[in-house]
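Note: the block below is my_file_24.tsv and it holds TSV, C-alpha atoms and all ligand atoms.
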```tsv
chain	number	residue	atom	x	y	z
T	1	MET	CA	50.52	-4.12	-0.56
T	2	SER	CA	47.77	-1.63	0.03
T	3	LYS	CA	45.68	-1.92	3.15
T	4	GLU	CA	42.45	-3.93	3.28
T	5	LYS	CA	39.29	-1.87	3.19
T	6	ILE	CA	36.02	-2.59	4.92
T	7	ALA	CA	32.69	-0.98	3.95
T	8	LEU	CA	30.61	-0.57	7.10
T	9	ALA	CA	26.87	0.15	7.29
T	10	TYR	CA	27.17	3.02	9.74
T	11	SER	CA	24.39	4.61	11.77
T	12	GLY	CA	26.37	6.80	14.16
T	13	GLY	CA	25.00	4.93	17.16
T	14	LEU	CA	27.12	3.32	19.85
T	15	ASP	CA	27.51	-0.08	18.18
T	16	THR	CA	28.71	1.12	14.80
T	17	SER	CA	30.89	3.83	16.37
T	18	VAL	CA	32.72	1.31	18.52
T	19	MET	CA	32.83	-0.96	15.48
T	20	ILE	CA	34.92	1.45	13.42
T	21	LYS	CA	37.77	1.28	15.90
T	22	TRP	CA	37.31	-2.41	16.62
T	23	LEU	CA	37.36	-3.42	12.94
T	24	LYS	CA	40.29	-1.16	12.20
T	25	ASP	CA	42.38	-2.81	14.90
T	26	LYS	CA	41.30	-6.37	14.30
T	27	TYR	CA	41.78	-6.33	10.52
T	28	ASP	CA	44.37	-3.58	10.22
T	29	ALA	CA	42.02	-2.10	7.64
T	30	ASP	CA	40.66	1.23	6.47
T	31	ILE	CA	36.98	1.76	7.24
T	32	VAL	CA	34.62	3.20	4.66
T	33	ALA	CA	31.55	4.29	6.62
T	34	VAL	CA	28.28	4.37	4.67
T	35	THR	CA	24.97	5.80	5.85
T	36	GLY	CA	21.74	5.73	3.88
T	37	ASN	CA	18.90	8.18	4.30
T	38	LEU	CA	15.58	6.34	4.17
T	39	GLY	CA	13.70	9.22	5.70
T	40	GLN	CA	14.58	8.65	9.34
T	41	GLN	CA	14.04	11.75	11.45
T	42	LYS	CA	16.91	10.86	13.75
T	43	GLU	CA	19.95	13.13	13.75
T	44	ILE	CA	21.73	12.70	10.46
T	45	GLU	CA	23.69	15.93	10.55
T	46	ASN	CA	27.25	15.80	11.79
T	47	LEU	CA	27.46	12.14	10.91
T	48	GLU	CA	30.42	12.69	8.63
T	49	ALA	CA	32.37	14.58	11.30
T	50	LYS	CA	31.47	11.90	13.80
T	51	ALA	CA	32.51	9.02	11.55
T	52	MET	CA	35.82	10.66	10.73
T	53	ALA	CA	36.50	11.56	14.37
T	54	THR	CA	35.85	7.92	15.22
T	55	GLY	CA	38.50	6.79	12.78
T	56	ALA	CA	36.78	6.12	9.46
T	57	SER	CA	38.94	6.78	6.41
T	58	SER	CA	35.95	7.99	4.40
T	59	PHE	CA	32.25	8.56	4.79
T	60	SER	CA	29.45	8.37	2.24
T	61	PHE	CA	25.98	9.65	2.85
T	62	LEU	CA	23.41	8.47	0.35
T	63	ASP	CA	19.95	9.90	-0.05
T	64	LEU	CA	18.01	6.76	-0.89
T	65	ARG	CA	14.52	8.10	-0.20
T	66	LYS	CA	13.27	8.36	-3.77
T	67	THR	CA	14.59	4.93	-4.69
T	68	PHE	CA	13.10	3.54	-1.50
T	69	VAL	CA	9.66	4.88	-2.38
T	70	GLU	CA	9.62	4.02	-6.05
T	71	GLU	CA	11.49	0.73	-6.19
T	72	TYR	CA	10.71	-0.83	-2.82
T	73	ILE	CA	7.65	0.70	-1.15
T	74	TRP	CA	5.41	0.95	-4.22
T	75	PRO	CA	5.99	-2.65	-5.34
T	76	ALA	CA	5.22	-3.81	-1.78
T	77	LEU	CA	2.07	-1.70	-1.68
T	78	LYS	CA	0.90	-2.95	-5.06
T	79	ALA	CA	1.46	-6.52	-3.91
T	80	GLY	CA	-0.48	-5.87	-0.70
T	81	ALA	CA	2.50	-7.06	1.33
T	82	LEU	CA	1.60	-7.13	5.03
T	83	TYR	CA	3.61	-9.65	7.03
T	84	GLU	CA	1.35	-11.99	8.97
T	85	ASP	CA	-1.52	-9.74	7.86
T	86	ILE	CA	-0.37	-6.74	9.88
T	87	TYR	CA	3.22	-5.47	9.52
T	88	PRO	CA	3.82	-3.20	6.48
T	89	LEU	CA	7.52	-4.20	6.53
T	90	ALA	CA	9.21	-0.80	6.89
T	91	THR	CA	12.43	-2.13	8.44
T	92	ALA	CA	12.43	-5.24	6.28
T	93	LEU	CA	12.06	-3.27	3.04
T	94	GLY	CA	14.83	-0.85	3.95
T	95	ARG	CA	17.46	-3.52	4.56
T	96	PRO	CA	18.02	-4.79	1.01
T	97	LEU	CA	18.32	-1.21	-0.22
T	98	LEU	CA	20.86	-0.30	2.48
T	99	ALA	CA	22.73	-3.51	1.79
T	100	LYS	CA	22.78	-2.79	-1.95
T	101	ALA	CA	24.05	0.75	-1.33
T	102	LEU	CA	26.82	-0.65	0.86
T	103	VAL	CA	27.80	-3.14	-1.84
T	104	ASP	CA	27.83	-0.38	-4.49
T	105	VAL	CA	30.10	1.88	-2.42
T	106	GLY	CA	32.20	-1.10	-1.35
T	107	ILE	CA	32.86	-2.10	-4.95
T	108	GLU	CA	33.59	1.46	-6.03
T	109	GLU	CA	36.03	1.95	-3.15
T	110	GLU	CA	37.66	-1.42	-3.78
T	111	CYS	CA	36.71	-2.87	-0.43
T	112	THR	CA	37.18	-6.57	0.19
T	113	MET	CA	34.87	-6.85	3.18
T	114	LEU	CA	31.39	-5.73	4.16
T	115	ALA	CA	30.35	-5.15	7.78
T	116	HIS	CA	27.05	-4.46	9.51
T	117	GLY	CA	25.92	-3.79	13.06
T	118	CYS	CA	23.01	-6.23	13.36
T	119	THR	CA	22.63	-8.53	16.34
T	120	GLY	CA	22.91	-12.29	16.12
T	121	LYS	CA	19.29	-13.11	16.86
T	122	GLY	CA	17.34	-10.77	14.63
T	123	ASN	CA	16.07	-10.71	11.08
T	124	ASP	CA	18.24	-7.85	9.91
T	125	GLN	CA	21.49	-9.85	9.86
T	126	VAL	CA	19.74	-12.33	7.56
T	127	ARG	CA	18.46	-9.59	5.26
T	128	PHE	CA	21.87	-7.90	5.00
T	129	GLU	CA	23.84	-11.04	4.45
T	130	VAL	CA	21.45	-12.70	2.04
T	131	THR	CA	21.52	-9.49	-0.01
T	132	PHE	CA	25.34	-9.49	0.10
T	133	ALA	CA	25.29	-13.10	-1.06
T	134	SER	CA	23.12	-12.29	-4.06
T	135	LEU	CA	24.89	-9.06	-5.07
T	136	ALA	CA	28.51	-9.54	-4.06
T	137	PRO	CA	29.21	-13.20	-3.31
T	138	HIS	CA	32.96	-12.58	-3.58
T	139	MET	CA	33.11	-10.21	-0.61
T	140	LYS	CA	33.76	-11.34	2.95
T	141	VAL	CA	31.05	-10.51	5.46
T	142	LEU	CA	31.73	-9.32	9.00
T	143	ALA	CA	29.12	-9.20	11.75
T	144	PRO	CA	31.05	-7.96	14.80
T	145	LEU	CA	28.02	-8.08	17.11
T	146	ARG	CA	27.97	-11.84	16.72
T	147	GLU	CA	31.56	-12.25	17.79
T	148	TRP	CA	33.00	-9.37	19.71
T	149	GLU	CA	33.89	-9.42	23.39
T	150	PHE	CA	31.48	-6.75	24.66
T	151	LYS	CA	28.74	-8.29	26.74
T	152	SER	CA	26.84	-5.08	27.50
T	153	ARG	CA	26.30	-1.52	26.50
T	154	GLU	CA	28.41	-0.45	29.48
T	155	ALA	CA	31.35	-2.49	28.18
T	156	GLU	CA	31.05	-0.77	24.81
T	157	ILE	CA	30.91	2.65	26.47
T	158	ALA	CA	34.02	1.84	28.51
T	159	TYR	CA	35.85	0.80	25.31
T	160	ALA	CA	34.68	4.00	23.59
T	161	LYS	CA	35.97	6.15	26.46
T	162	GLU	CA	39.28	4.33	26.52
T	163	HIS	CA	39.79	4.97	22.80
T	164	GLY	CA	38.46	8.51	22.64
T	165	ILE	CA	35.41	7.56	20.59
T	166	PRO	CA	32.71	10.22	20.96
T	167	VAL	CA	29.48	8.79	22.38
T	168	ALA	CA	26.22	10.71	22.49
T	169	ALA	CA	25.49	12.14	25.92
T	170	THR	CA	21.75	11.71	25.42
T	171	LYS	CA	20.11	9.14	27.63
T	172	LYS	CA	19.50	5.88	25.84
T	173	SER	CA	15.86	5.15	25.12
T	174	PRO	CA	14.61	2.02	26.90
T	175	TYR	CA	13.52	0.76	23.47
T	176	SER	CA	15.28	-0.37	20.34
T	177	ILE	CA	13.97	1.75	17.51
T	178	ASP	CA	14.39	1.49	13.77
T	179	GLU	CA	12.87	4.16	11.62
T	180	ASN	CA	12.19	5.11	8.02
T	181	ILE	CA	9.42	6.84	6.09
T	182	TRP	CA	7.37	3.66	5.73
T	183	GLY	CA	7.24	3.14	9.48
T	184	ILE	CA	8.92	2.81	12.85
T	185	SER	CA	9.71	-0.48	14.60
T	186	ILE	CA	9.92	-0.45	18.39
T	187	GLU	CA	11.13	-3.33	20.55
T	188	CYS	CA	12.68	-4.21	23.94
T	189	GLY	CA	12.18	-2.95	27.47
T	190	VAL	CA	8.72	-3.53	28.93
T	191	LEU	CA	7.45	-4.43	25.45
T	192	GLU	CA	9.07	-7.84	25.85
T	193	ASP	CA	6.07	-8.91	27.96
T	194	PRO	CA	3.31	-9.38	25.37
T	195	MET	CA	0.65	-8.81	28.03
T	196	VAL	CA	1.95	-5.32	28.88
T	197	PRO	CA	0.28	-2.65	26.77
T	198	ALA	CA	2.76	-0.41	24.98
T	199	PRO	CA	3.36	2.64	27.19
T	200	GLU	CA	2.80	6.05	25.62
T	201	ASP	CA	6.52	6.82	25.64
T	202	ALA	CA	7.17	3.94	23.26
T	203	PHE	CA	5.40	5.80	20.46
T	204	GLN	CA	7.55	8.21	18.49
T	205	ILE	CA	5.17	9.96	16.10
T	206	THR	CA	1.53	9.05	16.70
T	207	THR	CA	-0.84	10.86	19.02
T	208	SER	CA	-2.72	8.45	21.24
T	209	PRO	CA	-6.21	7.78	19.85
T	210	GLU	CA	-7.69	9.11	23.11
T	211	LYS	CA	-5.98	12.45	22.65
T	212	ALA	CA	-6.59	12.71	18.91
T	213	PRO	CA	-8.88	15.47	17.63
T	214	ASP	CA	-12.65	15.06	18.09
T	215	LYS	CA	-13.11	16.09	14.50
T	216	PRO	CA	-12.12	13.49	11.89
T	217	ALA	CA	-9.94	14.18	8.86
T	218	VAL	CA	-11.30	13.16	5.46
T	219	VAL	CA	-8.69	12.41	2.81
T	220	ASP	CA	-9.13	11.67	-0.89
T	221	ILE	CA	-6.41	9.41	-2.24
T	222	GLU	CA	-6.02	8.98	-5.99
T	223	PHE	CA	-4.26	5.97	-7.45
T	224	GLU	CA	-2.89	5.38	-10.93
T	225	GLY	CA	-1.90	1.84	-11.81
T	226	GLY	CA	-1.82	0.89	-8.14
T	227	ILE	CA	0.36	3.83	-7.09
T	228	PRO	CA	-0.93	6.77	-5.06
T	229	VAL	CA	-0.43	10.00	-6.99
T	230	ALA	CA	-2.59	12.68	-5.35
T	231	LEU	CA	-4.06	13.70	-2.02
T	232	ASP	CA	-7.18	15.84	-1.95
T	233	ALA	CA	-6.83	16.46	-5.69
T	234	ARG	CA	-3.25	17.69	-5.29
T	235	LYS	CA	-0.71	15.76	-7.38
T	236	MET	CA	2.30	14.89	-5.26
T	237	ASP	CA	5.45	12.90	-5.68
T	238	GLY	CA	5.63	9.71	-3.69
T	239	LEU	CA	7.90	10.92	-0.94
T	240	ASP	CA	5.83	14.03	-0.23
T	241	LEU	CA	2.63	12.03	-0.35
T	242	ILE	CA	3.88	9.52	2.21
T	243	MET	CA	5.17	12.29	4.46
T	244	ALA	CA	1.86	14.15	4.28
T	245	LEU	CA	-0.11	11.00	5.12
T	246	ASN	CA	2.25	10.19	7.98
T	247	GLU	CA	1.59	13.61	9.41
T	248	VAL	CA	-2.20	13.62	9.21
T	249	GLY	CA	-2.42	9.93	10.15
T	250	ALA	CA	-0.14	10.38	13.17
T	251	ALA	CA	-2.16	13.36	14.36
T	252	HIS	CA	-5.27	11.16	14.37
T	253	GLY	CA	-3.56	8.25	16.11
T	254	VAL	CA	-3.67	6.04	13.02
T	255	GLY	CA	-1.18	3.25	12.32
T	256	ARG	CA	-0.27	1.92	15.76
T	257	LEU	CA	0.29	-1.82	15.47
T	258	ASP	CA	1.07	-4.42	18.14
T	259	LEU	CA	2.18	-7.79	16.89
T	260	VAL	CA	3.74	-11.02	18.13
T	261	GLU	CA	5.48	-12.10	14.96
T	262	ASN	CA	7.48	-15.07	13.74
T	263	ARG	CA	11.09	-14.14	13.10
T	264	VAL	CA	13.16	-15.84	10.41
T	265	VAL	CA	15.40	-17.37	13.08
T	266	GLY	CA	12.54	-19.17	14.80
T	267	ILE	CA	11.83	-16.78	17.69
T	268	LYS	CA	8.47	-15.17	18.30
T	269	SER	CA	8.92	-11.53	19.15
T	270	ARG	CA	6.60	-8.78	20.27
T	271	GLU	CA	6.84	-5.66	18.14
T	272	ILE	CA	5.20	-2.29	18.20
T	273	TYR	CA	4.98	-0.41	14.92
T	274	GLU	CA	3.90	3.06	13.95
T	275	ALA	CA	3.04	3.28	10.29
T	276	PRO	CA	0.33	5.85	9.58
T	277	ALA	CA	0.89	6.32	5.84
T	278	ALA	CA	1.46	2.61	5.21
T	279	THR	CA	-1.71	1.69	7.11
T	280	ILE	CA	-3.83	4.20	5.23
T	281	LEU	CA	-2.38	3.39	1.82
T	282	HIS	CA	-2.65	-0.40	2.18
T	283	PHE	CA	-6.26	0.01	3.28
T	284	ALA	CA	-7.18	2.39	0.45
T	285	HIS	CA	-5.32	0.36	-2.18
T	286	ARG	CA	-7.13	-2.82	-1.23
T	287	GLU	CA	-10.51	-1.09	-1.25
T	288	LEU	CA	-9.83	0.09	-4.78
T	289	GLU	CA	-8.90	-3.46	-5.77
T	290	ARG	CA	-12.22	-4.70	-4.38
T	291	LEU	CA	-13.91	-2.40	-6.84
T	292	THR	CA	-11.75	-2.96	-9.89
T	293	LEU	CA	-10.23	-6.46	-9.89
T	294	GLU	CA	-12.09	-9.36	-11.46
T	295	LYS	CA	-13.25	-11.83	-8.80
T	296	SER	CA	-10.73	-14.63	-9.29
T	297	VAL	CA	-7.82	-12.19	-9.61
T	298	PHE	CA	-8.87	-10.35	-6.46
T	299	GLN	CA	-9.17	-13.55	-4.46
T	300	TYR	CA	-5.98	-15.15	-5.78
T	301	LYS	CA	-3.92	-12.02	-5.28
T	302	LYS	CA	-4.21	-12.31	-1.50
T	303	ASN	CA	-1.94	-15.36	-1.62
T	304	ILE	CA	0.56	-13.50	-3.78
T	305	GLY	CA	0.56	-10.66	-1.25
T	306	GLN	CA	1.34	-13.11	1.52
T	307	ASP	CA	4.17	-14.71	-0.44
T	308	TYR	CA	5.51	-11.28	-1.29
T	309	ALA	CA	5.43	-10.23	2.36
T	310	ASN	CA	7.26	-13.40	3.43
T	311	LEU	CA	9.91	-12.83	0.81
T	312	ILE	CA	10.52	-9.26	1.99
T	313	TYR	CA	10.53	-10.32	5.63
T	314	ASN	CA	12.86	-13.23	4.99
T	315	GLY	CA	15.42	-11.11	3.17
T	316	THR	CA	15.15	-12.55	-0.34
T	317	TRP	CA	14.32	-9.29	-2.13
T	318	PHE	CA	16.97	-9.80	-4.80
T	319	SER	CA	15.64	-13.07	-6.11
T	320	PRO	CA	14.01	-14.57	-9.20
T	321	MET	CA	10.95	-15.25	-7.03
T	322	ARG	CA	10.41	-11.54	-6.46
T	323	GLU	CA	10.70	-10.85	-10.17
T	324	ALA	CA	8.16	-13.57	-10.88
T	325	LEU	CA	5.72	-12.26	-8.29
T	326	ASP	CA	6.22	-8.71	-9.59
T	327	GLY	CA	5.11	-10.01	-12.97
T	328	PHE	CA	1.82	-11.22	-11.53
T	329	VAL	CA	1.24	-8.10	-9.48
T	330	GLU	CA	2.04	-5.76	-12.35
T	331	ALA	CA	-0.47	-7.54	-14.57
T	332	THR	CA	-3.20	-6.76	-12.04
T	333	GLN	CA	-2.48	-3.12	-11.33
T	334	LYS	CA	-3.42	-1.21	-14.49
T	335	GLN	CA	-7.06	-1.11	-13.39
T	336	VAL	CA	-6.19	-0.05	-9.86
T	337	THR	CA	-6.81	3.52	-10.86
T	338	GLY	CA	-9.33	5.73	-9.17
T	339	LEU	CA	-10.15	7.56	-5.99
T	340	VAL	CA	-10.69	6.34	-2.44
T	341	ARG	CA	-12.09	8.59	0.27
T	342	VAL	CA	-11.14	7.68	3.83
T	343	LYS	CA	-11.89	9.03	7.26
T	344	LEU	CA	-9.21	9.19	9.96
T	345	PHE	CA	-10.62	9.34	13.44
T	346	LYS	CA	-9.16	8.47	16.84
T	347	GLY	CA	-6.90	5.70	15.63
T	348	SER	CA	-9.11	4.25	12.91
T	349	VAL	CA	-9.20	4.46	9.14
T	350	THR	CA	-12.63	3.91	7.64
T	351	LEU	CA	-13.89	3.98	4.11
T	352	LEU	CA	-16.25	6.69	2.93
T	353	GLY	CA	-16.31	5.93	-0.78
T	354	ARG	CA	-14.50	4.75	-3.90
T	355	THR	CA	-14.78	5.38	-7.61
T	356	SER	CA	-12.87	4.26	-10.69
T	357	PRO	CA	-13.11	4.37	-14.48
T	358	TRP	CA	-12.30	0.62	-14.20
T	359	SER	CA	-15.04	-0.08	-11.67
T	360	LEU	CA	-16.64	-3.49	-12.19
T	361	TYR	CA	-19.48	-2.52	-9.91
T	362	ASN	CA	-22.60	-2.25	-12.06
T	363	GLU	CA	-25.48	-0.59	-10.27
T	364	GLU	CA	-28.02	-1.84	-12.80
T	365	LEU	CA	-27.00	-5.41	-12.02
T	366	ALA	CA	-26.75	-4.89	-8.28
T	367	THR	CA	-29.88	-2.85	-7.62
T	368	TYR	CA	-33.01	-4.13	-5.92
T	369	THR	CA	-35.09	-1.40	-7.54
T	370	GLU	CA	-37.02	-1.42	-10.80
T	371	ALA	CA	-33.89	-0.37	-12.67
T	372	ASP	CA	-32.66	-3.96	-12.25
T	373	THR	CA	-31.30	-5.56	-15.44
T	374	PHE	CA	-30.13	-8.83	-13.88
T	375	ASN	CA	-31.70	-11.88	-15.53
T	376	HIS	CA	-33.49	-13.62	-12.65
T	377	LYS	CA	-34.69	-16.44	-14.90
T	378	ALA	CA	-31.10	-17.33	-15.70
T	379	ALA	CA	-30.45	-17.84	-12.00
T	380	GLU	CA	-32.85	-20.78	-11.92
T	381	GLY	CA	-30.98	-22.81	-14.56
T	382	PHE	CA	-27.64	-21.82	-13.10
T	383	ILE	CA	-28.57	-23.11	-9.66
T	384	GLN	CA	-29.87	-26.39	-11.10
T	385	LEU	CA	-26.54	-27.12	-12.75
T	386	TYR	CA	-24.42	-25.64	-9.99
T	387	GLY	CA	-26.14	-27.82	-7.38
T	388	LEU	CA	-26.36	-30.94	-9.53
T	389	GLY	CA	-23.25	-32.60	-8.14
T	390	LEU	CA	-24.35	-32.18	-4.53
T	391	LYS	CA	-27.86	-33.36	-5.37
T	392	THR	CA	-26.48	-36.53	-6.94
T	393	TRP	CA	-24.17	-37.14	-3.99
T	394	SER	CA	-27.00	-36.68	-1.53
T	395	GLU	CA	-29.24	-39.20	-3.33
T	396	VAL	CA	-26.52	-41.82	-3.53
T	397	LYS	CA	-25.72	-41.33	0.16
T	398	LYS	CA	-29.38	-41.79	1.07
T	399	ASN	CA	-29.67	-44.99	-0.96
T	400	ASN	CA	-26.65	-46.49	0.71
T	401	SER	CA	-27.46	-45.71	4.31
T	501	LIG	N1	10.69	-7.07	13.63
T	501	LIG	C1	10.87	-6.10	12.60
T	501	LIG	C2	11.53	-6.72	11.42
T	501	LIG	O1	12.18	-7.72	11.56
T	501	LIG	C3	11.60	-4.89	13.11
T	501	LIG	C4	13.06	-5.05	13.37
T	501	LIG	C5	13.60	-3.83	13.98
T	501	LIG	N2	15.01	-3.77	13.82
T	501	LIG	C6	15.80	-3.12	14.64
T	501	LIG	N3	17.04	-3.07	14.33
T	501	LIG	N4	15.36	-2.53	15.72
T	501	LIG	O2	11.39	-6.24	10.34
```
Could you show the structure in this file as structure tokens?
Ligand code: ARG
Amino acid sequence: MSKEKIALAYSGGLDTSVMIKWLKDKYDADIVAVTGNLGQQKEIENLEAKAMATGASSFSFLDLRKTFVEEYIWPALKAGALYEDIYPLATALGRPLLAKALVDVGIEEECTMLAHGCTGKGNDQVRFEVTFASLAPHMKVLAPLREWEFKSREAEIAYAKEHGIPVAATKKSPYSIDENIWGISIECGVLEDPMVPAPEDAFQITTSPEKAPDKPAVVDIEFEGGIPVALDARKMDGLDLIMALNEVGAAHGVGRLDLVENRVVGIKSREIYEAPAATILHFAHRELERLTLEKSVFQYKKNIGQDYANLIYNGTWFSPMREALDGFVEATQKQVTGLVRVKLFKGSVTLLGRTSPWSLYNEELATYTEADTFNHKAAEGFIQLYGLGLKTWSEVKKNNS
């Protein structure tokens, strides 16, 4: 009988390096290491050599950036998905895509098991495993961090040394960091006290607002059907556009977020995020919606955005509910076409202006000058009927008291 094969979501860090050897021994299996590129800046060169030297039988490196932007980030942006009103969901959006990529490779390589390196108290284990359940319910799932014997990083390092597993000599950051082009999530260390302000060294890409340039940056963002397509009149593909906004936003200290959030598993945790492009784009997109969406659609859509954010956060991306919500969102986005001008200055994004061929703003109706075309007489009758119910209620109340 041929050997069992395990597809492992591999990052090249200590946990997943140790895991290759540990899984191999425990299951007498071949390990197919899979890494996805979601735009993380972290060292991704030499990963193949590292995985093979650590004992993997094969290594796949998948560039998922374009798919991530077009099939995950844009739908979330169009929906206005900000978890608990703040978090643009970078980590949470990346997980179902990484999990899907692992399933795809796993099936192609005839693996029978899927393994990941998430801890037993976070959201990411839920996102991975719920995705596995919807895409490959027949495959067995392994989460070594929930069951292995290592109680500390030191114990893992000792195991690595004993088995000749190469470990990076670089000093471990005091924080746990997860990164992709939509944002960076930073936890642990002193951040665990929610009263302690995030120290400067926790931030990976943004300049502190105090040190940001004294001169603001002004950026014109053009949207077509809810999707950003140009910056300062230059058409760009999504990936380049996000990278450019991350750069200018980070330079101006934009996109630092500090949030005590509700995890899926019932814990409140304190998180620091850096998400310059996501912060700017969510802001601009919503401003354009204020201009172009009909009142009841605009107001109702906020609830949809919240539901959409919860669904991403809770790991149910591959679900009929997402498809249903996408249907609503898509029906609202055709008009979200136009230009938004924003100012980036010492950590803030502010609005300078917006314009759209779909604008519902009618200056002749809104103006307080002589150009006014609003029918003031009609207001009188409207108010009489609109207030009739309350007037009746008030009279009856008076007569009965
Ligand atoms: N709290 C965020 C989330 O659940 C970030 C998680 C960061 N993950 C990590 N492996 N460091 O989406």
**OP:** For atom CA of T:Lys140 and atom CA of T:Ala7, determine how far apart the two atoms are, in Å to one decimal place.
**Re:** 10.5 Å
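Closest to ligand LIG 501 (chain T) among T:Ala90, T:Val190, T:Leu344, T:Leu64 is T:Ala90, based on all atoms listed in the file.
In this structure, atom CA of T:Ile186 sits 27.4 Å away from atom CA of T:Ile304.
Using all atoms listed in the file, the shortest contact distance between T:Met243 and any of T:Tyr273, T:Tyr300, T:Phe203, T:Trp182 is found at T:Trp182.
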**OP:** Write out as a PyMOL selection string each polymer residue (protein, DNA or RNA) that has an atom no more than 6 Å from ligand LIG 501 (chain T), with only C-alpha atoms and all ligand atoms counted.
**Re:** chain T and resi 89+91-92+123+176-178+185
**OP:** Would you kindly return, as JSON, numbers by chain, each protein, DNA or RNA residue with an atom no farther than 12 Å from any atom of T:Leu245, considering all atoms listed in the file and excluding same-chain residues fewer than 2 positions away?
**Re:** {"T": [181, 182, 183, 206, 217, 218, 219, 220, 221, 228, 230, 231, 232, 236, 238, 239, 240, 241, 242, 243, 247, 248, 249, 250, 251, 252, 253, 254, 255, 275, 276, 277, 278, 279, 280, 281, 342, 344, 349]}
**OP:** Would you kindly return, as a VMD selection string, each protein, DNA or RNA residue with an atom no farther than 7 Å from any atom of T:Thr54, considering all atoms listed in the file and excluding same-chain residues fewer than 6 positions away?
**Re:** chain T and resid 17 20 to 21 165 to 166
Original post:
Which neighbours of T:Arg270 fall inside 8 Å, counting all atoms listed in the file, when residues of the same chain fewer than 2 positions from it are skipped, and could you give them as a PyMOL selection string?
Top reply: chain T and resi 187+191-194+258-261+268+272
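Relative to atom CA of T:Leu311, atom CA of T:Arg146 is found at 24.1 Å.
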**OP:** Taking (32.8, 7.3, 21.6) in the file's own coordinates, collect the residues within 10 Å, counting all atoms listed in the file, and hand them back as a list in words.
**Re:** Gly12, Gly13, Leu14, Asp15, Ser17, Val18, Lys21, Lys50, Ala53, Thr54, Glu156, Ile157, Ala158, Tyr159, Ala160, Lys161, Glu162, His163, Gly164, Ile165, Pro166, Val167, Ala168 and Ala169 of chain T
I need the chosen residues saved as a PDB file, keeping the file's coordinate frame, with C-alpha atoms.
```
ATOM      1  CA  GLY T  12      26.370   6.800  14.160  1.00  0.00           C
ATOM      2  CA  GLY T  13      25.000   4.930  17.160  1.00  0.00           C
ATOM      3  CA  LEU T  14      27.120   3.320  19.850  1.00  0.00           C
ATOM      4  CA  ASP T  15      27.510  -0.080  18.180  1.00  0.00           C
ATOM      5  CA  SER T  17      30.890   3.830  16.370  1.00  0.00           C
ATOM      6  CA  VAL T  18      32.720   1.310  18.520  1.00  0.00           C
ATOM      7  CA  LYS T  21      37.770   1.280  15.900  1.00  0.00           C
ATOM      8  CA  LYS T  50      31.470  11.900  13.800  1.00  0.00           C
ATOM      9  CA  ALA T  53      36.500  11.560  14.370  1.00  0.00           C
ATOM     10  CA  THR T  54      35.850   7.920  15.220  1.00  0.00           C
ATOM     11  CA  GLU T 156      31.050  -0.770  24.810  1.00  0.00           C
ATOM     12  CA  ILE T 157      30.910   2.650  26.470  1.00  0.00           C
ATOM     13  CA  ALA T 158      34.020   1.840  28.510  1.00  0.00           C
ATOM     14  CA  TYR T 159      35.850   0.800  25.310  1.00  0.00           C
ATOM     15  CA  ALA T 160      34.680   4.000  23.590  1.00  0.00           C
ATOM     16  CA  LYS T 161      35.970   6.150  26.460  1.00  0.00           C
ATOM     17  CA  GLU T 162      39.280   4.330  26.520  1.00  0.00           C
ATOM     18  CA  HIS T 163      39.790   4.970  22.800  1.00  0.00           C
ATOM     19  CA  GLY T 164      38.460   8.510  22.640  1.00  0.00           C
ATOM     20  CA  ILE T 165      35.410   7.560  20.590  1.00  0.00           C
ATOM     21  CA  PRO T 166      32.710  10.220  20.960  1.00  0.00           C
ATOM     22  CA  VAL T 167      29.480   8.790  22.380  1.00  0.00           C
ATOM     23  CA  ALA T 168      26.220  10.710  22.490  1.00  0.00           C
ATOM     24  CA  ALA T 169      25.490  12.140  25.920  1.00  0.00           C
TER      25      ALA T 169
END
```
Subject >> Shell around T:Ser319 at 12 Å using only C-alpha atoms, local window under 5 positions removed, as a VMD selection string >> reply: chain T and resid 96 130 to 131 133 to 135 308 311 to 312 314 324 to 326
Write a file of the just-selected residues containing C-alpha atoms, as an mmCIF file, in the coordinates of the input.
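The resulting file, result_20.cif, is shown below:
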```cif
data_model
loop_
_atom_site.group_PDB
_atom_site.id
_atom_site.type_symbol
_atom_site.label_atom_id
_atom_site.label_comp_id
_atom_site.auth_asym_id
_atom_site.auth_seq_id
_atom_site.Cartn_x
_atom_site.Cartn_y
_atom_site.Cartn_z
ATOM 1 C CA PRO T 96 18.020 -4.790 1.010
ATOM 2 C CA VAL T 130 21.450 -12.700 2.040
ATOM 3 C CA THR T 131 21.520 -9.490 -0.010
ATOM 4 C CA ALA T 133 25.290 -13.100 -1.060
ATOM 5 C CA SER T 134 23.120 -12.290 -4.060
ATOM 6 C CA LEU T 135 24.890 -9.060 -5.070
ATOM 7 C CA TYR T 308 5.510 -11.280 -1.290
ATOM 8 C CA LEU T 311 9.910 -12.830 0.810
ATOM 9 C CA ILE T 312 10.520 -9.260 1.990
ATOM 10 C CA ASN T 314 12.860 -13.230 4.990
ATOM 11 C CA ALA T 324 8.160 -13.570 -10.880
ATOM 12 C CA LEU T 325 5.720 -12.260 -8.290
ATOM 13 C CA ASP T 326 6.220 -8.710 -9.590
#
```
Original post:
Taking only C-alpha atoms into account, which of T:Ala331, T:Asn303, T:Thr35, T:Leu385 comes nearest T:Thr16?
Top reply: T:Thr35
Subject >> Exercise: residues within 12 Å of coordinate (29.6, 2.2, 10.5), counting all atoms listed in the file, as number ranges by chain >> reply: T: 6-24, 30-36, 47-48, 50-52, 54-61, 102, 114-118, 142-144
